[in-house]
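**Student:** Contents of my_file.txt (compact mmCIF, C-alpha atoms) are below:
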# COMPACT_ATOMS: atom_id res chain seq x y z
CA MET A 1 43.13 40.71 92.20
CA LYS A 2 44.68 43.93 90.86
CA GLN A 3 45.25 42.27 87.56
CA TRP A 4 41.63 41.18 87.38
CA CYS A 5 40.45 44.72 88.17
CA LEU A 6 42.74 46.04 85.46
CA ILE A 7 41.19 43.61 82.99
CA LEU A 8 37.70 44.71 83.95
CA LYS A 9 38.63 48.37 83.64
CA ILE A 10 40.16 47.95 80.19
CA ASN A 11 37.16 45.87 79.21
CA GLN A 12 34.88 48.77 80.10
CA ILE A 13 37.02 51.25 78.14
CA PHE A 14 37.13 48.92 75.10
CA ILE A 15 33.34 48.49 75.12
CA TYR A 16 32.78 52.20 75.59
CA ARG A 17 34.98 53.13 72.62
CA PHE A 18 33.43 50.44 70.50
CA LYS A 19 29.94 51.74 71.29
CA GLN A 20 30.95 55.32 70.55
CA GLY A 21 32.01 54.30 67.04
CA LYS A 22 28.64 52.71 66.28
CA LYS A 23 26.05 55.19 65.01
CA SER A 24 23.22 52.82 65.81
CA LEU A 25 24.22 52.95 69.50
CA LYS A 26 24.57 56.77 69.83
CA GLY A 27 22.08 57.14 72.63
CA LYS A 28 23.81 54.47 74.70
CA ALA A 29 27.38 55.73 74.47
CA ASN A 30 27.87 56.16 78.20
CA LYS A 31 26.25 52.88 79.27
CA LEU A 32 28.48 49.88 79.89
CA LEU A 33 27.48 46.41 78.86
CA PRO A 34 27.37 43.52 81.35
CA LEU A 35 30.82 42.14 82.07
CA SER A 36 30.12 38.42 82.21
CA PRO A 37 31.93 36.65 79.35
CA LEU A 38 33.85 39.56 77.87
CA PRO A 39 36.79 39.67 80.30
CA PHE A 40 38.02 36.38 78.96
CA LEU A 41 37.76 37.61 75.35
CA VAL A 42 39.45 40.90 76.15
CA ALA A 43 42.10 39.16 78.20
CA SER A 44 42.92 37.09 75.20
CA PHE A 45 43.07 40.27 73.13
CA ILE A 46 45.40 41.97 75.64
CA PHE A 47 47.81 39.17 76.33
CA HIS A 48 48.28 38.12 72.66
CA PRO A 49 47.83 41.26 70.59
CA ILE A 50 51.08 41.01 68.61
CA ALA A 51 50.67 37.36 67.66
CA ALA A 52 47.10 37.83 66.52
CA ASN A 53 47.84 40.95 64.47
CA ALA A 54 50.96 39.42 62.92
CA ALA A 55 49.00 36.34 61.87
CA ASP A 56 46.24 38.42 60.31
CA ILE A 57 48.69 40.69 58.47
CA THR A 58 50.82 37.78 57.28
CA GLU A 59 47.76 35.95 55.93
CA GLN A 60 46.58 39.10 54.18
CA LEU A 61 50.00 39.68 52.59
CA HIS A 62 50.16 36.06 51.48
CA ARG A 63 46.78 36.41 49.77
CA GLN A 64 47.96 39.56 47.96
CA ILE A 65 51.23 37.93 46.87
CA ASP A 66 49.40 34.80 45.70
CA LYS A 67 46.99 36.84 43.59
CA SER A 68 49.88 38.80 42.08
CA VAL A 69 51.82 35.65 41.24
CA VAL A 70 48.75 34.00 39.68
CA ARG A 71 48.06 37.10 37.57
CA GLN A 72 51.67 37.28 36.36
CA SER A 73 51.75 33.55 35.57
CA THR A 74 48.44 33.70 33.72
CA ASP A 75 49.63 36.68 31.66
CA GLN A 76 52.85 34.84 30.81
CA ALA A 77 50.93 31.71 29.71
CA ASP A 78 48.46 33.78 27.67
CA THR A 79 51.36 35.51 25.92
CA LEU A 80 52.98 32.16 25.09
CA LEU A 81 49.64 30.93 23.72
CA ARG A 82 49.38 33.96 21.39
CA ILE A 83 53.00 33.62 20.26
CA GLY A 84 52.34 29.97 19.44
CA GLN A 85 49.29 30.94 17.37
CA GLN A 86 51.38 33.44 15.37
CA GLN A 87 54.15 30.89 14.84
CA HIS A 88 51.65 28.25 13.68
CA THR A 89 50.01 30.67 11.24
CA SER A 90 53.39 31.56 9.73
CA GLY A 91 54.18 27.87 9.18
CA LYS A 92 56.55 27.42 12.14
CA SER A 93 54.59 24.66 13.85
CA ASP A 94 57.67 23.25 15.58
CA LYS A 95 58.29 26.60 17.30
CA ALA A 96 54.56 26.93 18.06
CA ILE A 97 54.58 23.57 19.85
CA GLU A 98 57.49 24.72 22.04
CA SER A 99 55.55 27.86 23.01
CA TRP A 100 52.35 25.94 23.71
CA LEU A 101 54.15 23.34 25.84
CA GLN A 102 55.60 26.14 27.99
CA ALA A 103 52.13 27.67 28.33
CA LEU A 104 50.70 24.25 29.21
CA GLU A 105 53.16 23.82 32.06
CA ILE A 106 52.11 27.15 33.56
CA TYR A 107 48.38 26.49 33.16
CA HIS A 108 48.91 23.07 34.76
CA SER A 109 50.65 24.63 37.78
CA LEU A 110 47.71 27.06 38.10
CA GLY A 111 45.18 24.24 37.83
CA ASP A 112 43.38 25.95 34.95
CA LEU A 113 41.66 23.02 33.23
CA ASN A 114 39.88 25.06 30.56
CA ALA A 115 43.14 26.67 29.43
CA GLN A 116 44.87 23.27 29.41
CA GLY A 117 42.11 21.92 27.18
CA LEU A 118 42.59 24.81 24.76
CA ILE A 119 46.35 24.20 24.64
CA TYR A 120 45.83 20.52 23.86
CA ASP A 121 43.58 21.57 20.96
CA TYR A 122 46.36 23.73 19.56
CA LEU A 123 49.01 21.06 20.15
CA GLY A 124 46.89 18.61 18.18
CA ARG A 125 46.79 21.01 15.22
CA GLY A 126 50.52 21.67 15.42
CA TYR A 127 51.43 17.98 15.49
CA VAL A 128 49.09 17.28 12.54
CA GLN A 129 50.77 20.08 10.57
CA LEU A 130 54.12 18.35 11.14
CA GLY A 131 52.73 14.90 10.30
CA ARG A 132 53.30 13.68 13.87
CA TYR A 133 49.96 11.91 14.08
CA LYS A 134 50.55 9.76 17.16
CA GLU A 135 51.52 12.82 19.20
CA ALA A 136 48.51 14.67 17.78
CA GLU A 137 46.22 11.82 18.84
CA ASN A 138 47.73 11.82 22.34
CA ALA A 139 47.18 15.58 22.70
CA ILE A 140 43.56 15.37 21.53
CA ARG A 141 42.84 12.40 23.83
CA ARG A 142 44.05 14.55 26.73
CA ARG A 143 41.74 17.28 25.48
CA LEU A 144 38.89 14.76 25.53
CA ALA A 145 39.70 13.72 29.11
CA ILE A 146 39.55 17.33 30.29
CA ALA A 147 36.26 17.90 28.44
CA ARG A 148 34.81 14.87 30.23
CA ASP A 149 36.05 16.09 33.61
CA THR A 150 34.46 19.50 33.06
CA HIS A 151 31.27 18.10 31.45
CA ASP A 152 31.97 20.12 28.30
CA PHE A 153 29.88 18.13 25.81
CA GLN A 154 30.60 20.29 22.77
CA SER A 155 34.36 19.89 23.25
CA GLN A 156 33.85 16.14 23.69
CA ILE A 157 32.04 15.97 20.34
CA PHE A 158 34.78 17.81 18.45
CA ALA A 159 37.61 15.98 20.23
CA LEU A 160 36.07 12.61 19.32
CA ASN A 161 35.72 13.71 15.69
CA ASN A 162 39.37 14.82 15.63
CA ILE A 163 40.52 11.51 17.12
CA GLY A 164 38.41 9.57 14.60
CA THR A 165 39.86 11.58 11.72
CA LEU A 166 43.40 10.83 12.90
CA LEU A 167 42.55 7.12 13.16
CA LEU A 168 41.30 7.22 9.55
CA GLN A 169 44.53 8.96 8.57
CA GLN A 170 46.47 6.09 10.15
CA GLY A 171 44.41 3.44 8.31
CA GLU A 172 42.19 2.36 11.22
CA PRO A 173 38.61 2.78 9.88
CA ALA A 174 37.03 0.30 12.31
CA ALA A 175 38.39 2.14 15.35
CA SER A 176 37.42 5.49 13.85
CA LEU A 177 33.87 4.22 13.24
CA GLN A 178 33.40 3.51 16.97
CA THR A 179 34.79 6.95 17.85
CA PHE A 180 32.50 8.77 15.42
CA ALA A 181 29.50 6.74 16.64
CA GLU A 182 30.20 7.92 20.21
CA ALA A 183 30.34 11.51 18.97
CA VAL A 184 26.97 11.07 17.22
CA GLU A 185 25.38 9.76 20.43
CA ILE A 186 26.63 12.67 22.54
CA ALA A 187 25.58 15.22 19.90
CA ARG A 188 22.08 13.69 19.75
CA HIS A 189 21.81 13.57 23.54
CA VAL A 190 22.60 17.29 23.94
CA LYS A 191 20.81 18.21 20.67
CA ASN A 192 23.90 19.84 19.20
CA ILE A 193 22.96 20.38 15.54
CA GLU A 194 26.46 21.33 14.37
CA GLY A 195 27.94 18.33 16.17
CA GLN A 196 25.38 15.97 14.64
CA GLY A 197 26.14 17.19 11.11
CA LEU A 198 29.89 16.79 11.57
CA SER A 199 29.71 13.44 13.37
CA LEU A 200 27.24 11.85 10.93
CA SER A 201 29.36 12.99 7.97
CA ASN A 202 32.48 11.48 9.52
CA LEU A 203 30.62 8.29 10.43
CA GLY A 204 29.66 8.05 6.76
CA LEU A 205 33.31 8.48 5.80
CA ALA A 206 34.38 5.63 8.10
CA ASN A 207 31.71 3.35 6.60
CA ALA A 208 32.84 4.28 3.08
CA ARG A 209 36.42 3.34 3.98
CA LEU A 210 35.11 -0.04 5.11
CA GLY A 211 33.27 -0.48 1.79
CA ASN A 212 29.78 0.12 3.22
CA TYR A 213 28.86 2.61 0.48
CA ASN A 214 25.06 2.36 0.72
CA LYS A 215 25.16 2.93 4.48
CA ALA A 216 27.61 5.79 3.96
CA ILE A 217 25.24 7.43 1.45
CA LYS A 218 22.37 7.38 3.97
CA LEU A 219 24.57 8.85 6.70
CA TYR A 220 25.81 11.64 4.40
CA GLU A 221 22.25 12.50 3.36
CA ASN A 222 21.25 12.67 7.03
CA ALA A 223 24.28 14.83 7.83
CA LEU A 224 23.38 17.29 5.06
CA SER A 225 20.09 18.22 6.73
CA PHE A 226 21.93 19.26 9.92
CA ARG A 227 24.67 21.13 8.04
CA ARG A 228 22.05 23.12 6.14
CA GLN A 229 20.26 23.99 9.40
CA VAL A 230 23.34 25.71 10.80
CA ARG A 231 24.15 27.29 7.41
CA ASP A 232 27.62 25.76 7.23
CA PRO A 233 28.58 25.99 3.51
CA ILE A 234 32.07 24.57 4.04
CA GLY A 235 30.70 21.61 6.00
CA GLU A 236 27.93 21.12 3.45
CA ALA A 237 30.37 21.15 0.51
CA ASN A 238 32.64 18.69 2.34
CA THR A 239 29.75 16.29 2.99
CA LEU A 240 28.58 16.62 -0.64
CA ASN A 241 32.07 15.73 -1.85
CA ASN A 242 32.06 12.71 0.48
CA LEU A 243 28.64 11.74 -0.90
CA GLY A 244 29.96 12.14 -4.45
CA ASP A 245 32.85 9.79 -3.62
CA ALA A 246 30.39 7.19 -2.29
CA TYR A 247 28.15 7.45 -5.38
CA LEU A 248 31.23 7.06 -7.59
CA GLU A 249 32.30 3.89 -5.75
CA ALA A 250 28.75 2.57 -5.89
CA GLY A 251 28.66 3.14 -9.68
CA ASP A 252 25.87 5.72 -9.58
CA TYR A 253 27.00 8.08 -12.34
CA GLN A 254 24.02 10.48 -12.18
CA GLY A 255 24.25 10.75 -8.39
CA THR A 256 27.99 11.36 -8.68
CA ILE A 257 27.75 14.19 -11.22
CA GLY A 258 24.83 15.91 -9.47
CA THR A 259 26.45 15.76 -6.02
CA TYR A 260 29.91 16.94 -7.09
CA GLY A 261 28.22 19.69 -9.12
CA SER A 262 26.35 20.92 -6.03
CA ALA A 263 29.57 20.82 -4.00
CA LEU A 264 31.36 22.86 -6.68
CA ARG A 265 28.64 25.54 -6.78
CA ILE A 266 28.53 25.93 -2.99
CA ALA A 267 32.34 25.98 -2.71
CA LYS A 268 32.64 28.65 -5.43
CA TYR A 269 29.98 30.82 -3.78
CA SER A 270 31.57 30.58 -0.31
CA GLY A 271 35.17 30.94 -1.57
CA ASP A 272 36.05 27.48 -0.26
CA ARG A 273 39.01 26.62 -2.51
CA VAL A 274 39.75 23.26 -0.90
CA ASN A 275 36.30 21.81 -1.61
CA GLN A 276 36.24 23.53 -5.01
CA LEU A 277 39.39 21.69 -6.09
CA ARG A 278 38.13 18.45 -4.62
CA ALA A 279 34.79 18.70 -6.44
CA ILE A 280 36.60 19.35 -9.73
CA ASP A 281 38.75 16.25 -9.19
CA GLY A 282 35.62 14.16 -8.58
CA LEU A 283 33.91 15.52 -11.69
CA VAL A 284 37.01 14.91 -13.85
CA THR A 285 37.11 11.27 -12.70
CA ALA A 286 33.37 10.81 -13.22
CA HIS A 287 33.22 12.39 -16.70
CA SER A 288 36.35 10.66 -17.98
CA SER A 289 35.06 7.28 -16.73
CA VAL A 290 32.15 7.53 -19.22
CA GLY A 291 34.17 9.07 -22.06
CA ARG A 292 33.13 12.71 -21.61
CA TYR A 293 36.69 13.93 -22.16
CA GLU A 294 35.86 17.40 -23.44
CA ARG A 295 34.07 18.24 -20.19
CA ALA A 296 36.93 16.68 -18.21
CA PHE A 297 39.50 18.91 -19.98
CA ASP A 298 37.36 22.01 -19.35
CA LEU A 299 37.31 21.19 -15.65
CA LEU A 300 41.07 20.56 -15.58
CA GLN A 301 41.66 23.97 -17.14
CA GLN A 302 39.58 25.53 -14.34
CA ARG A 303 41.62 23.57 -11.81
CA LEU A 304 44.98 24.72 -13.17
CA ILE A 305 43.88 28.37 -13.33
CA LEU A 306 42.64 28.19 -9.74
CA ALA A 307 45.89 26.59 -8.52
CA GLN A 308 47.94 29.30 -10.26
CA GLU A 309 45.72 32.08 -8.87
CA LEU A 310 46.30 30.67 -5.40
CA GLN A 311 50.02 30.35 -6.19
CA ASN A 312 49.76 26.85 -4.81
CA ARG A 313 52.56 24.80 -6.34
CA ARG A 314 51.32 21.51 -4.90
CA GLU A 315 47.88 21.92 -6.48
CA GLU A 316 49.58 22.99 -9.71
CA LEU A 317 51.54 19.72 -9.63
CA LYS A 318 48.30 17.76 -9.18
CA SER A 319 46.75 19.57 -12.14
CA PHE A 320 49.69 18.70 -14.42
CA GLU A 321 49.58 15.08 -13.30
CA SER A 322 45.81 14.88 -13.95
CA TYR A 323 46.36 16.27 -17.45
CA ALA A 324 49.12 13.69 -18.04
CA GLN A 325 46.94 10.80 -16.88
CA LEU A 326 44.03 11.88 -19.06
CA TYR A 327 46.21 12.24 -22.17
CA GLU A 328 47.82 8.89 -21.40
CA GLN A 329 44.34 7.36 -21.14
CA LEU A 330 43.54 8.77 -24.60
CA GLY A 331 46.80 7.39 -26.04
CA ASN A 332 48.31 10.85 -26.68
CA LEU A 333 51.67 9.91 -25.18
CA PRO A 334 53.80 12.88 -26.38
CA THR A 335 51.42 15.34 -24.69
CA ALA A 336 51.16 13.09 -21.63
CA ARG A 337 54.97 13.02 -21.38
CA ASN A 338 55.06 16.82 -21.59
CA PHE A 339 52.67 17.15 -18.65
CA TYR A 340 54.52 14.52 -16.60
CA GLN A 341 57.73 16.47 -17.14
CA ARG A 342 56.04 19.70 -16.04
CA ALA A 343 54.79 17.95 -12.90
CA ILE A 344 58.32 16.64 -12.20
CA THR A 345 59.71 20.18 -12.54
CA VAL A 346 57.26 21.45 -9.92
CA ALA A 347 58.17 18.55 -7.61
CA LYS A 348 61.82 19.64 -7.87
CA ILE A 349 60.87 23.23 -7.01
CA LEU A 350 58.99 21.92 -3.97
CA GLU A 351 62.00 19.76 -3.11
CA ASP A 352 59.61 16.82 -2.82
CA SER A 353 61.86 13.92 -3.76
CA LYS A 354 59.15 11.34 -3.03
CA GLN A 355 56.78 12.87 -5.59
CA GLU A 356 59.61 13.37 -8.06
CA VAL A 357 60.62 9.69 -7.93
CA ARG A 358 56.99 8.55 -8.21
CA LEU A 359 56.32 10.73 -11.28
CA LEU A 360 59.58 9.67 -12.95
CA ASP A 361 58.61 6.04 -12.41
CA ARG A 362 55.16 6.69 -13.90
CA LEU A 363 56.71 8.40 -16.94
CA THR A 364 59.26 5.59 -17.40
CA GLN A 365 56.55 2.92 -17.25
CA MET A 366 54.45 4.81 -19.82
CA MET A 367 57.39 5.17 -22.25
CA ARG A 368 58.44 1.55 -21.80
CA LYS A 369 54.89 0.43 -22.54
CA ALA A 370 54.84 2.66 -25.64
CA ASN A 371 58.16 1.18 -26.89
CA LEU A 372 56.92 -2.36 -26.36
CA THR A 373 53.80 -1.55 -28.36
CA LYS A 374 55.93 -0.14 -31.22
CA THR A 375 58.18 -3.21 -31.23
CA SER A 376 55.18 -5.52 -31.28
CA ARG A 377 53.67 -3.65 -34.24
CA LYS A 378 56.91 -3.85 -36.22
CA LYS A 379 57.11 -7.59 -35.74
CA ASN A 380 53.55 -7.97 -36.95
So, in terms of structure tokens, how does the structure I just supplied come out?
**Tutor:**
Amino acid sequence: MKQWCLILKINQIFIYRFKQGKKSLKGKANKLLPLSPLPFLVASFIFHPIAANAADITEQLHRQIDKSVVRQSTDQADTLLRIGQQQHTSGKSDKAIESWLQALEIYHSLGDLNAQGLIYDYLGRGYVQLGRYKEAENAIRRRLAIARDTHDFQSQIFALNNIGTLLLQQGEPAASLQTFAEAVEIARHVKNIEGQGLSLSNLGLANARLGNYNKAIKLYENALSFRRQVRDPIGEANTLNNLGDAYLEAGDYQGTIGTYGSALRIAKYSGDRVNQLRAIDGLVTAHSSVGRYERAFDLLQQRLILAQELQNRREELKSFESYAQLYEQLGNLPTARNFYQRAITVAKILEDSKQEVRLLDRLTQMMRKANLTKTSRKKN
């Protein structure tokens, strides 16, 4: 009974102090509330104060520690991501992949799907740079899975295009065609203009690889309208070069010259050296195929100057080889040999033994053919 009275008394004191602290109850500070259910609540408060407080404090501390650990882990992963980007830019893709894989492990432990998707994008680029295409495809397929889980349609479109491009690289045009077609459907569904331009252009490329040149031409022309809408000069020049390739294969000389010419103008204006070189190559092939050699040599001179300005040895090698092939086609074998030898010298500088052997073989075959022709003439 004494204990119960003590509980009631403390209950009254607790309520009184509580009411004093509430401004809204100022006028009622000295009035006690009815005692009915509160004794049981207060009793619980009195008999277990330490346990309750300890639990609350422990939970609060755990929350603070968890937040601190998450912040530190996120910062560490973000740092590894940036280091990987720097390593990739400086040509150390193998080191970049190591950094990104470490970052991926941390993001995975944190359950950060968006960051994991970004890492898989970077891993795909790194593996492509190293020529590890199967690993690149695997990384990008994981990126696609995350984009589907998060309903990120734009990332799905670009992941599908990257997968399709890798399939083309590995000589699987039929599989790539299905992948690009899926990308086109998603881009149309969400009305993504950039995605439609890219996907239609790549779908055209897959059809061209399968020999469907007329269908490819229609797809490229459709893609161009979207690429112009988003004012994407690099994408437009790329699609024009693809269209030029299709016209060339289809035997449409006028279409070929006009399309490559447009690609060259846009690429020059936007400073897009890759598409500029590619357009020149297409024009050289087209002009030389109809005997317009003077124009072809003018273009080759532009190509060599551009390669040297860029200090790009590999493009310089291609320029020398193109010169050699054109002179060989004209029957000027001494000059052709000179350019083959210059190309071989560059291949040695690049330490590209595969190219060196291929060029030596081409030179040997040309000289052997020339000797056979001389022998035949002497006999006659």
**Student:** Build an axis-aligned box that encloses every atom of stretch 289-305 of chain A listed in the file, pad it by 6 Å on each side, and report its centre and edge lengths in Å to one decimal, as lines of an AutoDock Vina configuration file.
**Tutor:**
center_x = 38.6
center_y = 17.8
center_z = -17.6
size_x = 24.8
size_y = 33.1
size_z = 23.6
**Student:** Using all atoms listed in the file for the distances, tell me which of A:Ser93, A:Gln341, A:Gln196, A:Gln365 is nearest to A:Gly126.
**Tutor:**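 Closest to A:Gly126 of all the choices is A:Ser93.
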**Student:** In the coordinates of the file, take the point (42.7, 13.4, 18.5) and a cut-off of 8 Å; then, counting only C-alpha atoms, name each qualifying protein, DNA or RNA residue as JSON, numbers by chain.
**Tutor:** {"A": [124, 136, 137, 138, 139, 140, 141, 159, 160, 161, 162, 163, 164, 165, 166]}
**Student:** Compare A:Ala77, A:Ala267, A:Ala96, A:Ala147 by their minimum atom-to-atom distance to A:Gly117, counting all atoms listed in the file, and give me the closest one.
**Tutor:** A:Ala147
**Student:** Would you list the residues near (47.2, 24.9, 22.8) (no more than 12 Å away, in the coordinates of the file, using all atoms listed in the file) as a ChimeraX atom specification?
**Tutor:** /A:77-85,88,93,96-105,107,113-127,136,139-140,142-143
**Student:** Quick one: pull the distance between atom CA of A:Leu264 and atom CA of A:Glu236, Å, one decimal.
**Tutor:**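 A separation of 10.8 Å between them.
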**Student:** If you count only C-alpha atoms, which residues fall within 10 Å of A:Thr256, apart from same-chain ones fewer than 2 positions away, as a list in words?
**Tutor:** Leu240, Asn241, Leu243, Gly244, Asp245, Ala246, Tyr247, Leu248, Glu249, Ala250, Gly251, Asp252, Tyr253, Gln254, Gly258, Thr259, Tyr260, Gly261, Gly282, Leu283, Thr285, Ala286 and His287 of chain A
**Student:** I need the residue nearest A:Thr345 from this list: A:Glu294, A:Glu321, A:Asp75, A:Asp281. Use all atoms listed in the file for the distance.
**Tutor:**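 Smallest separation from A:Thr345 among the options: A:Glu321.
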**Student:** Considering only C-alpha atoms, return as a list in words whatever protein or nucleic-acid residues lie within 7 Å of A:Leu299, sequence-local ones (same chain, fewer than 4 positions apart) excluded.
**Tutor:**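 The neighbour list is Ile280, Val284, Arg295 and Arg303 of chain A.
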**Student:** Kindly give the distance, in Å, that separates atom CA of A:Ser109 and atom CA of A:His151, rounded to a single decimal.
**Tutor:**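 Calculated distance between atom CA of A:Ser109 and atom CA of A:His151 is 21.4 Å.
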**Student:** For A:Asn238, work out the shell of residues within 9 Å, counting only C-alpha atoms and skipping chain neighbours fewer than 6 positions away, then give it as a PyMOL selection string.
**Tutor:** chain A and resi 201+263+267+275+278
**Student:** Name all residues at most 12 Å from stretch 268-271 of chain A (count all atoms listed in the file; drop same-chain ones fewer than 6 positions away) and give them as a list in words.
**Tutor:** Arg231, Asp232, Pro233, Ile234, Gly235, Glu236, Ala237, Gly261, Ser262, Leu277, Arg278, Ala279, Ile280, Gln302, Leu306 and Leu310 of chain A
**Student:** Restricted to C-alpha atoms, what would the selected residues look like written as a compact mmCIF listing (two decimals), in the coordinates of the input?
**Tutor:**
# COMPACT_ATOMS: atom_id res chain seq x y z
CA ARG A 231 24.15 27.29 7.41
CA ASP A 232 27.62 25.76 7.23
CA PRO A 233 28.58 25.99 3.51
CA ILE A 234 32.07 24.57 4.04
CA GLY A 235 30.70 21.61 6.00
CA GLU A 236 27.93 21.12 3.45
CA ALA A 237 30.37 21.15 0.51
CA GLY A 261 28.22 19.69 -9.12
CA SER A 262 26.35 20.92 -6.03
CA LEU A 277 39.39 21.69 -6.09
CA ARG A 278 38.13 18.45 -4.62
CA ALA A 279 34.79 18.70 -6.44
CA ILE A 280 36.60 19.35 -9.73
CA GLN A 302 39.58 25.53 -14.34
CA LEU A 306 42.64 28.19 -9.74
CA LEU A 310 46.30 30.67 -5.40
**Student:** Record the distance separating atom CA of A:Gln229 and atom CA of A:Lys191, expressed in Å with one decimal.
**Tutor:**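 One can read the atom CA of A:Gln229 to atom CA of A:Lys191 distance as 12.7 Å.
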**Student:** Compare A:Gln325, A:Thr239, A:Arg132, A:Gln355 by their minimum atom-to-atom distance to A:Leu219, counting only C-alpha atoms, and give me the closest one.
**Tutor:** A:Thr239
**Student:** Find the spatial neighbours of A:Asn192, counting only C-alpha atoms, within a cut-off of 10 Å - ignore same-chain residues fewer than 5 positions away - and output them as a ChimeraX atom specification.
**Tutor:** /A:153-154,157,184,186-187,197,226
**Student:** Taking into account only C-alpha atoms, which residue in the set A:Lys318, A:Arg358, A:Arg71, A:Lys215 is nearest to A:Arg342?
**Tutor:**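 Closest candidate: A:Lys318.
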**Student:** Atoms are missing here; could stretch 330-341 of chain A be completed with N, CA, C and O atoms and written as a tab-separated table (two decimals), in the coordinates of the input?
**Tutor:**
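Result written to rebuild09.tsv:
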chain	number	residue	atom	x	y	z
A	330	LEU	N	43.99	8.59	-23.21
A	330	LEU	CA	43.54	8.77	-24.60
A	330	LEU	C	44.56	8.28	-25.62
A	330	LEU	O	44.30	8.30	-26.83
A	331	GLY	N	45.76	7.89	-25.14
A	331	GLY	CA	46.80	7.39	-26.04
A	331	GLY	C	47.66	8.48	-26.65
A	331	GLY	O	48.49	8.21	-27.52
A	332	ASN	N	47.50	9.73	-26.18
A	332	ASN	CA	48.31	10.85	-26.68
A	332	ASN	C	49.55	10.94	-25.79
A	332	ASN	O	49.66	11.80	-24.90
A	333	LEU	N	50.51	10.04	-26.07
A	333	LEU	CA	51.67	9.91	-25.18
A	333	LEU	C	52.64	11.09	-25.22
A	333	LEU	O	53.19	11.46	-24.17
A	334	PRO	N	52.91	11.71	-26.38
A	334	PRO	CA	53.80	12.88	-26.38
A	334	PRO	C	53.29	14.01	-25.46
A	334	PRO	O	54.07	14.61	-24.71
A	335	THR	N	51.99	14.29	-25.54
A	335	THR	CA	51.42	15.34	-24.69
A	335	THR	C	51.42	14.89	-23.23
A	335	THR	O	51.70	15.69	-22.32
A	336	ALA	N	51.14	13.63	-23.00
A	336	ALA	CA	51.16	13.09	-21.63
A	336	ALA	C	52.56	13.23	-21.03
A	336	ALA	O	52.72	13.65	-19.88
A	337	ARG	N	53.58	12.90	-21.84
A	337	ARG	CA	54.97	13.02	-21.38
A	337	ARG	C	55.30	14.47	-21.02
A	337	ARG	O	55.94	14.73	-20.00
A	338	ASN	N	54.82	15.40	-21.84
A	338	ASN	CA	55.06	16.82	-21.59
A	338	ASN	C	54.49	17.24	-20.23
A	338	ASN	O	55.15	17.95	-19.45
A	339	PHE	N	53.29	16.77	-19.92
A	339	PHE	CA	52.67	17.15	-18.65
A	339	PHE	C	53.33	16.44	-17.47
A	339	PHE	O	53.45	17.03	-16.38
A	340	TYR	N	53.77	15.20	-17.67
A	340	TYR	CA	54.52	14.52	-16.60
A	340	TYR	C	55.82	15.27	-16.29
A	340	TYR	O	56.19	15.45	-15.12
A	341	GLN	N	56.48	15.74	-17.33
A	341	GLN	CA	57.73	16.47	-17.14
A	341	GLN	C	57.49	17.80	-16.41
A	341	GLN	O	58.30	18.21	-15.59
